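work-v4.pdb follows; it contains PDB, C-alpha atoms (C1' of nucleotides).
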MODEL        1
ATOM      1  CA  MET V 160     -34.269 127.279  57.213
ATOM      2  CA  PRO V 161     -33.744 126.699  53.568
ATOM      3  CA  GLU V 162     -37.098 126.381  51.806
ATOM      4  CA  LEU V 163     -37.812 126.401  48.065
ATOM      5  CA  PRO V 164     -36.484 129.945  47.372
ATOM      6  CA  GLU V 165     -33.322 129.383  49.412
ATOM      7  CA  VAL V 166     -32.523 126.035  47.752
ATOM      8  CA  GLU V 167     -33.251 127.546  44.322
ATOM      9  CA  THR V 168     -30.853 130.429  45.072
ATOM     10  CA  ILE V 169     -28.121 127.963  46.008
ATOM     11  CA  ARG V 170     -28.823 125.893  42.894
ATOM     12  CA  ARG V 171     -28.479 128.940  40.647
ATOM     13  CA  ASP V 172     -25.246 130.012  42.348
ATOM     14  CA  LEU V 173     -23.670 126.573  42.190
ATOM     15  CA  GLU V 174     -24.709 125.659  38.649
ATOM     16  CA  PRO V 175     -22.083 127.694  36.745
ATOM     17  CA  ARG V 176     -19.404 126.724  39.241
ATOM     18  CA  LEU V 177     -20.066 122.986  39.168
ATOM     19  CA  VAL V 178     -21.456 121.910  35.809
ATOM     20  CA  GLY V 179     -18.672 120.497  33.639
ATOM     21  CA  ARG V 180     -16.348 120.026  36.609
ATOM     22  CA  ARG V 181     -15.262 116.682  37.962
ATOM     23  CA  PHE V 182     -15.186 115.646  41.631
ATOM     24  CA  THR V 183     -11.681 114.498  42.486
ATOM     25  CA  ARG V 184     -12.002 113.804  46.195
ATOM     26  CA  VAL V 185     -14.683 113.392  48.856
ATOM     27  CA  GLU V 186     -14.115 113.669  52.573
ATOM     28  CA  ILE V 187     -16.778 112.895  55.152
ATOM     29  CA  ALA V 188     -16.084 114.466  58.532
ATOM     30  CA  PRO V 189     -16.179 111.807  61.254
ATOM     31  CA  ASP V 190     -19.181 112.342  63.533
ATOM     32  CA  ARG V 191     -21.463 110.426  65.837
ATOM     33  CA  VAL V 192     -24.411 111.632  63.717
ATOM     34  CA  PRO V 193     -24.383 110.131  60.206
ATOM     35  CA  VAL V 194     -24.604 112.520  57.233
ATOM     36  CA  LEU V 195     -24.947 109.816  54.556
ATOM     37  CA  GLN V 196     -28.363 108.287  54.112
ATOM     38  CA  GLY V 197     -28.688 104.672  52.932
ATOM     39  CA  ILE V 198     -25.083 104.298  51.794
ATOM     40  CA  ASP V 199     -21.759 103.582  53.460
ATOM     41  CA  GLU V 200     -18.864 105.981  53.214
ATOM     42  CA  ALA V 201     -16.635 103.890  50.943
ATOM     43  CA  THR V 202     -19.375 103.314  48.374
ATOM     44  CA  PHE V 203     -20.340 106.968  48.452
ATOM     45  CA  ARG V 204     -16.747 108.092  47.932
ATOM     46  CA  GLU V 205     -16.248 105.642  45.062
ATOM     47  CA  GLY V 206     -19.472 106.747  43.414
ATOM     48  CA  VAL V 207     -18.702 110.468  43.584
ATOM     49  CA  ALA V 208     -14.913 110.756  43.144
ATOM     50  CA  GLY V 209     -14.017 110.869  39.462
ATOM     51  CA  ALA V 210     -17.541 111.640  38.321
ATOM     52  CA  ARG V 211     -18.301 114.662  36.136
ATOM     53  CA  ILE V 212     -21.165 116.991  37.054
ATOM     54  CA  GLU V 213     -23.726 117.300  34.296
ATOM     55  CA  ALA V 214     -26.592 119.295  35.797
ATOM     56  CA  LEU V 215     -28.051 120.800  38.954
ATOM     57  CA  SER V 216     -31.759 120.715  39.629
ATOM     58  CA  ARG V 217     -34.158 121.107  42.519
ATOM     59  CA  ARG V 218     -37.232 119.229  43.684
ATOM     60  CA  GLY V 219     -39.001 120.881  46.602
ATOM     61  CA  LYS V 220     -36.255 121.485  49.156
ATOM     62  CA  PHE V 221     -33.925 118.842  47.649
ATOM     63  CA  LEU V 222     -30.917 119.790  45.517
ATOM     64  CA  ILE V 223     -29.975 117.213  42.878
ATOM     65  CA  ILE V 224     -26.543 116.939  41.258
ATOM     66  CA  ASP V 225     -26.572 114.746  38.127
ATOM     67  CA  LEU V 226     -23.340 112.851  37.533
ATOM     68  CA  ASP V 227     -22.094 111.458  34.210
ATOM     69  CA  THR V 228     -22.179 107.988  35.720
ATOM     70  CA  GLY V 229     -25.955 108.224  35.831
ATOM     71  CA  ALA V 230     -25.921 108.482  39.617
ATOM     72  CA  LYS V 231     -27.420 111.476  41.400
ATOM     73  CA  LEU V 232     -25.982 113.192  44.430
ATOM     74  CA  VAL V 233     -28.950 114.486  46.425
ATOM     75  CA  VAL V 234     -28.673 117.068  49.212
ATOM     76  CA  HIS V 235     -31.242 118.136  51.800
ATOM     77  CA  LEU V 236     -30.140 121.054  54.004
ATOM     78  CA  ARG V 237     -32.999 120.673  56.507
ATOM     79  CA  MET V 238     -32.595 123.410  59.151
ATOM     80  CA  THR V 239     -29.070 124.745  59.123
ATOM     81  CA  GLY V 240     -27.252 122.954  56.307
ATOM     82  CA  LYS V 241     -25.115 125.009  53.921
ATOM     83  CA  LEU V 242     -23.249 124.334  50.683
ATOM     84  CA  LEU V 243     -20.301 126.697  50.641
ATOM     85  CA  LEU V 244     -18.016 127.735  47.792
ATOM     86  CA  PRO V 245     -14.323 128.469  48.560
ATOM     87  CA  ASP V 246     -14.742 132.202  49.309
ATOM     88  CA  ALA V 247     -17.475 131.674  51.903
ATOM     89  CA  PRO V 248     -16.326 131.564  55.530
ATOM     90  CA  LEU V 249     -16.850 128.233  57.250
ATOM     91  CA  THR V 250     -19.866 128.319  59.580
ATOM     92  CA  GLY V 251     -21.337 125.479  61.610
ATOM     93  CA  HIS V 252     -19.959 121.969  61.717
ATOM     94  CA  LEU V 253     -18.137 120.686  58.648
ATOM     95  CA  ARG V 254     -19.909 117.527  57.469
ATOM     96  CA  ALA V 255     -18.361 116.837  54.054
ATOM     97  CA  THR V 256     -15.820 118.339  51.667
ATOM     98  CA  PHE V 257     -15.996 117.776  47.900
ATOM     99  CA  THR V 258     -12.870 118.705  45.955
ATOM    100  CA  LEU V 259     -13.222 119.596  42.266
ATOM    101  CA  ASP V 260     -10.796 119.170  39.363
ATOM    102  CA  ASP V 261     -10.072 122.917  39.297
ATOM    103  CA  GLY V 262      -8.762 122.688  42.857
ATOM    104  CA  SER V 263     -11.799 124.406  44.392
ATOM    105  CA  THR V 264     -13.983 122.820  47.037
ATOM    106  CA  LEU V 265     -17.655 122.569  47.885
ATOM    107  CA  ARG V 266     -18.191 122.217  51.631
ATOM    108  CA  PHE V 267     -21.327 120.926  53.264
ATOM    109  CA  THR V 268     -21.668 122.349  56.781
ATOM    110  CA  ASP V 269     -24.521 121.947  59.216
ATOM    111  CA  LEU V 270     -24.845 123.365  62.717
ATOM    112  CA  ARG V 271     -27.706 121.134  63.828
ATOM    113  CA  LYS V 272     -26.698 118.081  61.811
ATOM    114  CA  PHE V 273     -30.177 117.386  60.401
ATOM    115  CA  GLY V 274     -29.033 117.738  56.770
ATOM    116  CA  ARG V 275     -28.366 114.592  54.710
ATOM    117  CA  LEU V 276     -26.657 113.393  51.535
ATOM    118  CA  TRP V 277     -27.807 110.573  49.250
ATOM    119  CA  LEU V 278     -26.202 108.932  46.231
ATOM    120  CA  VAL V 279     -28.856 107.173  44.188
ATOM    121  CA  ASP V 280     -29.244 105.595  40.759
ATOM    122  CA  SER V 281     -32.833 106.725  40.550
ATOM    123  CA  LEU V 282     -34.859 109.477  42.200
ATOM    124  CA  SER V 283     -37.456 106.822  42.911
ATOM    125  CA  PRO V 284     -38.332 105.884  45.604
ATOM    126  CA  LEU V 285     -36.756 108.900  47.354
ATOM    127  CA  PHE V 286     -39.056 111.384  45.602
ATOM    128  CA  ASP V 287     -42.095 109.152  45.185
ATOM    129  CA  ASN V 288     -44.240 110.983  47.692
ATOM    130  CA  ILE V 289     -43.374 114.609  46.979
ATOM    131  CA  GLY V 290     -46.215 116.877  45.898
ATOM    132  CA  PRO V 291     -46.335 119.273  42.918
ATOM    133  CA  GLU V 292     -43.831 122.089  42.400
ATOM    134  CA  PRO V 293     -45.694 125.317  43.169
ATOM    135  CA  LEU V 294     -43.717 127.498  40.743
ATOM    136  CA  THR V 295     -44.136 125.341  37.639
ATOM    137  CA  GLU V 296     -46.866 125.987  35.082
ATOM    138  CA  GLY V 297     -48.389 122.662  36.006
ATOM    139  CA  PHE V 298     -49.316 123.986  39.426
ATOM    140  CA  GLY V 299     -52.767 125.235  38.583
ATOM    141  CA  LEU V 300     -55.730 125.960  40.762
ATOM    142  CA  GLU V 301     -56.837 122.309  40.496
ATOM    143  CA  ALA V 302     -53.531 121.157  41.997
ATOM    144  CA  LEU V 303     -54.056 123.256  45.126
ATOM    145  CA  SER V 304     -57.737 122.314  45.318
ATOM    146  CA  ALA V 305     -56.794 118.642  45.177
ATOM    147  CA  ALA V 306     -54.219 119.101  47.939
ATOM    148  CA  LEU V 307     -56.808 120.750  50.184
ATOM    149  CA  LEU V 308     -59.787 118.556  49.306
ATOM    150  CA  ASN V 309     -61.439 117.038  52.392
ATOM    151  CA  ARG V 310     -58.432 117.850  54.577
ATOM    152  CA  LYS V 311     -59.405 118.231  58.216
ATOM    153  CA  ALA V 312     -55.970 119.436  59.296
ATOM    154  CA  ALA V 313     -55.183 123.158  59.581
ATOM    155  CA  VAL V 314     -54.598 124.756  56.193
ATOM    156  CA  LYS V 315     -51.105 125.707  57.369
ATOM    157  CA  SER V 316     -50.283 122.052  58.112
ATOM    158  CA  VAL V 317     -51.569 121.060  54.671
ATOM    159  CA  ILE V 318     -49.379 123.512  52.760
ATOM    160  CA  LEU V 319     -46.369 122.566  54.918
ATOM    161  CA  ASP V 320     -46.893 118.884  54.069
ATOM    162  CA  GLN V 321     -44.315 118.049  51.381
ATOM    163  CA  ARG V 322     -46.493 115.210  50.083
ATOM    164  CA  ARG V 323     -49.194 117.737  49.147
ATOM    165  CA  ILE V 324     -47.097 120.674  47.894
ATOM    166  CA  ALA V 325     -43.308 120.735  47.579
ATOM    167  CA  GLY V 326     -40.973 123.342  49.001
ATOM    168  CA  ILE V 327     -42.999 125.389  51.485
ATOM    169  CA  GLY V 328     -41.600 125.742  55.015
ATOM    170  CA  ASN V 329     -42.602 127.759  58.056
ATOM    171  CA  ILE V 330     -41.673 131.213  56.751
ATOM    172  CA  TYR V 331     -43.416 130.997  53.378
ATOM    173  CA  ALA V 332     -46.443 129.192  54.848
ATOM    174  CA  ASP V 333     -47.120 132.059  57.261
ATOM    175  CA  GLU V 334     -46.442 134.679  54.588
ATOM    176  CA  ALA V 335     -48.657 132.992  51.983
ATOM    177  CA  LEU V 336     -51.566 132.741  54.429
ATOM    178  CA  PHE V 337     -51.208 136.430  55.333
ATOM    179  CA  GLU V 338     -51.039 137.372  51.651
ATOM    180  CA  ALA V 339     -54.211 135.350  51.058
ATOM    181  CA  GLY V 340     -55.989 136.789  54.130
ATOM    182  CA  ILE V 341     -56.640 133.323  55.560
ATOM    183  CA  MET V 342     -56.333 132.327  59.225
ATOM    184  CA  PRO V 343     -53.704 129.534  59.468
ATOM    185  CA  ALA V 344     -55.865 127.422  61.814
ATOM    186  CA  ARG V 345     -58.724 127.156  59.291
ATOM    187  CA  LEU V 346     -59.314 123.597  58.099
ATOM    188  CA  GLY V 347     -57.701 122.846  54.745
ATOM    189  CA  GLY V 348     -60.888 121.421  53.280
ATOM    190  CA  GLY V 349     -62.959 124.304  54.626
ATOM    191  CA  LEU V 350     -61.762 127.073  52.315
ATOM    192  CA  SER V 351     -64.192 128.649  49.848
ATOM    193  CA  ALA V 352     -63.408 128.496  46.118
ATOM    194  CA  GLU V 353     -62.505 132.158  46.293
ATOM    195  CA  GLU V 354     -60.099 131.564  49.180
ATOM    196  CA  VAL V 355     -58.406 128.736  47.287
ATOM    197  CA  VAL V 356     -57.849 131.139  44.382
ATOM    198  CA  ARG V 357     -56.314 133.691  46.735
ATOM    199  CA  LEU V 358     -54.091 131.098  48.415
ATOM    200  CA  HIS V 359     -52.914 129.732  45.069
ATOM    201  CA  SER V 360     -51.896 133.184  43.936
ATOM    202  CA  ALA V 361     -50.374 134.034  47.340
ATOM    203  CA  ILE V 362     -48.178 130.916  47.440
ATOM    204  CA  ARG V 363     -46.704 131.763  44.060
ATOM    205  CA  THR V 364     -46.295 135.433  44.937
ATOM    206  CA  VAL V 365     -44.371 134.878  48.178
ATOM    207  CA  LEU V 366     -42.191 132.095  46.747
ATOM    208  CA  LEU V 367     -41.316 134.214  43.700
ATOM    209  CA  ARG V 368     -40.546 137.174  45.947
ATOM    210  CA  GLY V 369     -38.326 134.834  47.991
ATOM    211  CA  VAL V 370     -36.394 133.731  44.915
ATOM    212  CA  GLU V 371     -36.025 137.340  43.705
ATOM    213  CA  SER V 372     -34.735 138.323  47.173
ATOM    214  CA  ARG V 373     -32.259 135.427  47.192
ATOM    215  CA  GLY V 374     -33.937 133.880  50.230
ATOM    216  CA  ALA V 375     -34.728 134.855  53.816
ATOM    217  CA  SER V 376     -31.906 135.053  56.366
ATOM    218  CA  PHE V 377     -33.363 135.173  59.871
ATOM    219  CA  ARG V 378     -30.756 133.269  61.838
ATOM    220  CA  ASP V 379     -28.997 130.719  59.789
ATOM    221  CA  TYR V 380     -29.537 130.834  56.069
ATOM    222  CA  LEU V 381     -26.603 131.837  53.876
ATOM    223  CA  ASP V 382     -26.183 131.241  50.146
ATOM    224  CA  ALA V 383     -23.266 129.362  48.546
ATOM    225  CA  GLU V 384     -21.093 132.494  48.728
ATOM    226  CA  GLY V 385     -21.842 132.851  52.442
ATOM    227  CA  GLN V 386     -24.108 135.889  51.830
ATOM    228  CA  SER V 387     -27.488 136.664  53.417
ATOM    229  CA  GLY V 388     -30.674 136.943  51.393
ATOM    230  CA  SER V 389     -33.006 139.926  51.819
ATOM    231  CA  MET V 390     -36.470 138.320  51.953
ATOM    232  CA  GLN V 391     -36.623 138.897  55.736
ATOM    233  CA  MET V 392     -37.020 142.615  54.961
ATOM    234  CA  TYR V 393     -40.225 141.960  53.022
ATOM    235  CA  VAL V 394     -41.754 139.516  55.480
ATOM    236  CA  LYS V 395     -45.089 140.727  56.869
ATOM    237  CA  VAL V 396     -45.897 138.359  59.741
ATOM    238  CA  PHE V 397     -43.137 135.797  60.311
ATOM    239  CA  ARG V 398     -41.444 136.522  63.681
ATOM    240  CA  ARG V 399     -43.254 139.876  63.930
ATOM    241  CA  THR V 400     -45.237 138.903  67.061
ATOM    242  CA  GLY V 401     -46.555 142.016  68.836
ATOM    243  CA  LYS V 402     -45.510 144.355  66.027
ATOM    244  CA  PRO V 403     -48.164 146.284  64.075
ATOM    245  CA  CYS V 404     -49.630 144.738  60.934
ATOM    246  CA  TYR V 405     -48.438 146.739  57.922
ATOM    247  CA  VAL V 406     -51.999 146.774  56.568
ATOM    248  CA  CYS V 407     -54.239 147.490  59.599
ATOM    249  CA  GLY V 408     -51.884 148.229  62.506
ATOM    250  CA  THR V 409     -53.190 145.421  64.719
ATOM    251  CA  ALA V 410     -50.522 143.576  66.723
ATOM    252  CA  ILE V 411     -49.368 140.372  64.978
ATOM    253  CA  GLU V 412     -50.257 137.314  67.041
ATOM    254  CA  ARG V 413     -48.473 134.003  67.465
ATOM    255  CA  CYS V 414     -49.786 130.513  68.090
ATOM    256  CA  ARG V 415     -48.623 126.949  67.586
ATOM    257  CA  ILE V 416     -49.942 124.809  64.749
ATOM    258  CA  GLY V 417     -48.608 121.327  64.107
ATOM    259  CA  GLY V 418     -45.782 122.012  66.545
ATOM    260  CA  ARG V 419     -44.632 125.058  64.554
ATOM    261  CA  SER V 420     -44.671 128.738  65.514
ATOM    262  CA  THR V 421     -47.380 130.444  63.504
ATOM    263  CA  HIS V 422     -47.702 134.202  62.990
ATOM    264  CA  TYR V 423     -50.801 135.993  61.719
ATOM    265  CA  CYS V 424     -52.832 139.187  61.786
ATOM    266  CA  PRO V 425     -56.104 138.521  63.660
ATOM    267  CA  VAL V 426     -57.887 141.240  61.659
ATOM    268  CA  CYS V 427     -56.577 140.789  58.100
ATOM    269  CA  GLN V 428     -56.787 136.994  58.225
ATOM    270  CA  ARG V 429     -60.217 135.416  58.609
TER
ATOM    271  C1'  DC D 213     -55.879 106.105  54.473
ATOM    272  C1'  DT D 214     -55.997 110.276  58.096
ATOM    273  C1'  DT D 215     -54.153 113.713  61.851
ATOM    274  C1'  DA D 216     -51.357 114.691  66.035
ATOM    275  C1'  DT D 217     -47.232 114.209  68.696
ATOM    276  C1'  DT D 218     -42.392 113.202  69.740
ATOM    277  C1'  DC D 219     -37.795 113.158  68.564
ATOM    278  C1'  DC D 220     -33.411 114.415  66.604
ATOM    279  C1'  DC D 221     -29.506 118.420  67.220
ATOM    280  C1'  DT D 222     -27.035 122.527  69.202
ATOM    281  C1'  DG D 223     -26.547 127.504  69.954
ATOM    282  C1'  DA D 224     -29.368 131.342  71.454
ATOM    283  C1'  DT D 225     -32.651 132.977  74.494
ATOM    284  C1'  DT D 226     -35.465 133.021  78.554
ATOM    285  C1'  DG D 227     -36.495 132.293  83.448
ATOM    286  C1'  DC D 228     -35.652 131.891  88.160
TER
ATOM    287  C1'  DT J  60     -24.879 136.941  87.741
ATOM    288  C1'  DG J  61     -25.215 132.023  86.624
ATOM    289  C1'  DC J  62     -26.937 128.017  85.261
ATOM    290  C1'  DA J  63     -30.780 125.196  83.747
ATOM    291  C1'  DA J  64     -34.777 124.947  81.004
ATOM    292  C1'  DT J  65     -36.804 126.177  76.782
ATOM    293  C1'  DC J  66     -36.920 127.352  71.996
ATOM    294  C1'  DA J  67     -36.164 126.953  66.940
ATOM    295  C1'  DG J  68     -37.814 123.767  62.987
ATOM    296  C1'  DG J  69     -37.841 119.727  58.493
ATOM    297  C1'  DG J  70     -39.077 115.530  58.345
ATOM    298  C1'  DA J  71     -39.024 110.614  60.111
ATOM    299  C1'  DA J  72     -41.128 107.711  63.304
ATOM    300  C1'  DT J  73     -44.783 106.606  66.091
ATOM    301  C1'  DA J  74     -49.352 106.833  68.105
ATOM    302  C1'  DA J  75     -54.128 106.973  67.740
TER
ENDMDL
END

Kindly return the structure encoded in the file as structure tokens.
Amino acid sequence: MPELPEVETIRRDLEPRLVGRRFTRVEIAPDRVPVLQGIDEATFREGVAGARIEALSRRGKFLIIDLDTGAKLVVHLRMTGKLLLPDAPLTGHLRATFTLDDGSTLRFTDLRKFGRLWLVDSLSPLFDNIGPEPLTEGFGLEALSAALLNRKAAVKSVILDQRRIAGIGNIYADEALFEAGIMPARLGGGLSAEEVVRLHSAIRTVLLRGVESRGASFRDYLDAEGQSGSMQMYVKVFRRTGKPCYVCGTAIERCRIGGRSTHYCPVCQR
DNA sequence: CTTATTCCCTGATTGC
DNA sequence: TGCAATCAGGGAATAA
């Protein structure tokens, strides 16, 4: 499940390999499930083939490839999507192949076929409702307070909501709440000022650790070279149900919040 | 506006 | 042992 740290790792790996190159050919693998969002195949191919890549950026879990035509190729990997460079072995279902002017390819594969591609002239309206980036300087305490203000949903659901904060998925939500010592089922608007401070710091800590570890590979995630990340080795609660808490030894518990598996220490998190 | 639930998708895992 | 049911989860759609 590529979340902010995983998408950022892919962005950093792809940047030196793609910027300055030109797409020469685009091939969409025929499939019952569409991979292109809001654009037909011919228009997409015409808009990408021949275009030079100027920059790679990220917004939440979206990867953005700026083209010299002014258009932007946007990728969302969702659950099992991968962007693979030539040396990486092919895993999952091939959804699209982009050939570059140096003869190399960038392949988009996706086992569960939830991932999507867009080609847009403007990032609006696609990104209109995405919340603040938690690793930028602009993400201060006030930004998190505003996201949580008066929320009656579980704090975990609030931080998973991409409209409130960008880039957090199930792994980093559980880890951030453990790091902050907050029970995931607590109401978002019910945290004390002190707890908001702890959560703010915890979100940044776990996301930064994720980026430094090149992402978490539990089942599916692989970077652009086809390599695993190592964040799963530093994870303290996610998928550790029944195992002892590293801090107090109590068995990690699991529940369901907002339809998502949620892992927590019943003693360390209040 | 809010929150909660269902659905999409397929390979792995669980249950009888 | 074998096959069916369940699980995993990001986000859109839908319900309330």

Can you write out as CSV which residues of chain D fall within 10 Å of chain V, alongside each residue's closest atom pair and its distance in Å to one decimal, counting all atoms listed in the file and ordering rows by chain and ascending residue number?
residue,atom,partner,partner_atom,distance
D:DT214,C1',V:Lys311,CA,8.7
D:DT215,C1',V:Ala312,CA,6.5
D:DA216,C1',V:Gly417,CA,7.4
D:DT217,C1',V:Gly418,CA,8.2
D:DT218,C1',V:Gly418,CA,10.0
D:DC220,C1',V:Phe273,CA,7.6
D:DC221,C1',V:Arg271,CA,4.7
D:DT222,C1',V:Arg271,CA,5.6
D:DG223,C1',V:Leu270,CA,8.5
D:DA224,C1',V:Arg378,CA,9.9

> Got a sec to resolve the PyMOL selection byres ((chain J) within 12 of (chain V)) on this structure and send the residues as a list in words?
Replying inline: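 When the PyMOL selection byres ((chain J) within 12 of (chain V)) is applied, the selected residues are DC66, DA67, DG68, DG69, DG70 and DA71 of chain J.
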
> Can you list, as a PyMOL selection string, the residues that the PyMOL selection byres ((chain D and resi 228) around 12) selects here?
Replying inline: (chain D and resi 226-227) or (chain J and resi 60-64)

> So which residues touch Thr250 of chain V within 10 Å, counting only C-alpha atoms (C1' of nucleotides), skipping near sequence neighbours fewer than 6 positions away, as a list of chain:residue names?
Replying inline: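 The filter keeps V:Thr239, V:Gly240, V:Lys241, V:Leu243, V:Phe267, V:Thr268, V:Asp269, V:Leu270, V:Asp379, V:Leu381, V:Gly385.
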
>> Counting only C-alpha atoms (C1' of nucleotides), I want the residues whose atoms come within 7 Å of (-31.7, 108.9, 54.5) in the file frame, returned as a ChimeraX atom specification.
In response: /V:195-197,275,277

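Relative to atom CA of Gly219 of chain V, atom CA of Thr256 of chain V is found at 23.9 Å.
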
I'd like to see the residues matched by the PyMOL selection byres ((chain V and resi 294-309) around 9) on this file, and ideally I'd get them as an mmCIF file with C-alpha atoms, in the frame of the given file.
data_model
loop_
_atom_site.group_PDB
_atom_site.id
_atom_site.type_symbol
_atom_site.label_atom_id
_atom_site.label_comp_id
_atom_site.auth_asym_id
_atom_site.auth_seq_id
_atom_site.Cartn_x
_atom_site.Cartn_y
_atom_site.Cartn_z
ATOM 1 C CA GLY V 290 -46.215 116.877 45.898
ATOM 2 C CA PRO V 291 -46.335 119.273 42.918
ATOM 3 C CA GLU V 292 -43.831 122.089 42.400
ATOM 4 C CA PRO V 293 -45.694 125.317 43.169
ATOM 5 C CA ARG V 310 -58.432 117.850 54.577
ATOM 6 C CA LYS V 311 -59.405 118.231 58.216
ATOM 7 C CA VAL V 314 -54.598 124.756 56.193
ATOM 8 C CA VAL V 317 -51.569 121.060 54.671
ATOM 9 C CA ILE V 318 -49.379 123.512 52.760
ATOM 10 C CA ARG V 322 -46.493 115.210 50.083
ATOM 11 C CA ARG V 323 -49.194 117.737 49.147
ATOM 12 C CA ILE V 324 -47.097 120.674 47.894
ATOM 13 C CA LEU V 346 -59.314 123.597 58.099
ATOM 14 C CA GLY V 347 -57.701 122.846 54.745
ATOM 15 C CA GLY V 348 -60.888 121.421 53.280
ATOM 16 C CA GLY V 349 -62.959 124.304 54.626
ATOM 17 C CA LEU V 350 -61.762 127.073 52.315
ATOM 18 C CA ALA V 352 -63.408 128.496 46.118
ATOM 19 C CA VAL V 355 -58.406 128.736 47.287
ATOM 20 C CA VAL V 356 -57.849 131.139 44.382
ATOM 21 C CA LEU V 358 -54.091 131.098 48.415
ATOM 22 C CA HIS V 359 -52.914 129.732 45.069
ATOM 23 C CA SER V 360 -51.896 133.184 43.936
ATOM 24 C CA ILE V 362 -48.178 130.916 47.440
ATOM 25 C CA ARG V 363 -46.704 131.763 44.060
ATOM 26 C CA LEU V 366 -42.191 132.095 46.747
ATOM 27 C CA LEU V 367 -41.316 134.214 43.700
#

>> Please compute the atom CA of Ser263 of chain V-atom CA of Arg176 of chain V distance, one decimal, in Å.
In response: 9.5 Å

> So how many Å separate atom CA of Phe286 of chain V and atom CA of Thr364 of chain V, to one decimal?
Replying inline: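 So the two atoms, atom CA of Phe286 of chain V and atom CA of Thr364 of chain V, lie 25.1 Å apart.
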
> Can you list, as a ChimeraX atom specification, every protein, DNA or RNA residue that comes within 9 Å of Asp172 of chain V when you count all atoms listed in the file, leaving out same-chain residues fewer than 6 positions away?
Replying inline: /V:382-384

Because some atoms of segment 250-262 of chain V are absent here, can you restore N, CA, C and O atoms and send them as a CSV table (one decimal), keeping the file's coordinate frame?
chain,number,residue,atom,x,y,z
V,250,THR,N,-19.0,128.1,58.4
V,250,THR,CA,-19.9,128.3,59.6
V,250,THR,C,-20.5,127.0,59.9
V,250,THR,O,-20.8,126.2,59.0
V,251,GLY,N,-20.7,126.7,61.2
V,251,GLY,CA,-21.3,125.5,61.6
V,251,GLY,C,-20.3,124.3,61.6
V,251,GLY,O,-19.1,124.5,61.4
V,252,HIS,N,-20.8,123.1,61.7
V,252,HIS,CA,-20.0,122.0,61.7
V,252,HIS,C,-19.7,121.5,60.3
V,252,HIS,O,-20.7,121.3,59.5
V,253,LEU,N,-18.5,121.2,60.0
V,253,LEU,CA,-18.1,120.7,58.6
V,253,LEU,C,-18.6,119.2,58.6
V,253,LEU,O,-18.2,118.4,59.5
V,254,ARG,N,-19.4,118.9,57.6
V,254,ARG,CA,-19.9,117.5,57.5
V,254,ARG,C,-19.3,116.8,56.3
V,254,ARG,O,-19.1,115.6,56.4
V,255,ALA,N,-19.0,117.5,55.2
V,255,ALA,CA,-18.4,116.8,54.1
V,255,ALA,C,-17.6,117.9,53.2
V,255,ALA,O,-18.1,119.0,53.1
V,256,THR,N,-16.6,117.5,52.6
V,256,THR,CA,-15.8,118.3,51.7
V,256,THR,C,-15.7,117.6,50.3
V,256,THR,O,-15.2,116.5,50.3
V,257,PHE,N,-16.1,118.3,49.3
V,257,PHE,CA,-16.0,117.8,47.9
V,257,PHE,C,-15.0,118.6,47.2
V,257,PHE,O,-15.1,119.8,47.1
V,258,THR,N,-13.9,118.0,46.7
V,258,THR,CA,-12.9,118.7,46.0
V,258,THR,C,-13.1,118.5,44.5
V,258,THR,O,-13.5,117.4,44.0
V,259,LEU,N,-13.0,119.6,43.7
V,259,LEU,CA,-13.2,119.6,42.3
V,259,LEU,C,-11.9,119.6,41.5
V,259,LEU,O,-10.9,119.9,42.0
V,260,ASP,N,-12.0,119.3,40.2
V,260,ASP,CA,-10.8,119.2,39.4
V,260,ASP,C,-10.1,120.5,39.0
V,260,ASP,O,-9.1,120.5,38.4
V,261,ASP,N,-10.7,121.6,39.5
V,261,ASP,CA,-10.1,122.9,39.3
V,261,ASP,C,-9.4,123.3,40.6
V,261,ASP,O,-8.9,124.5,40.8
V,262,GLY,N,-9.4,122.4,41.6
V,262,GLY,CA,-8.8,122.7,42.9
V,262,GLY,C,-9.7,123.3,43.9
V,262,GLY,O,-9.3,123.5,45.1
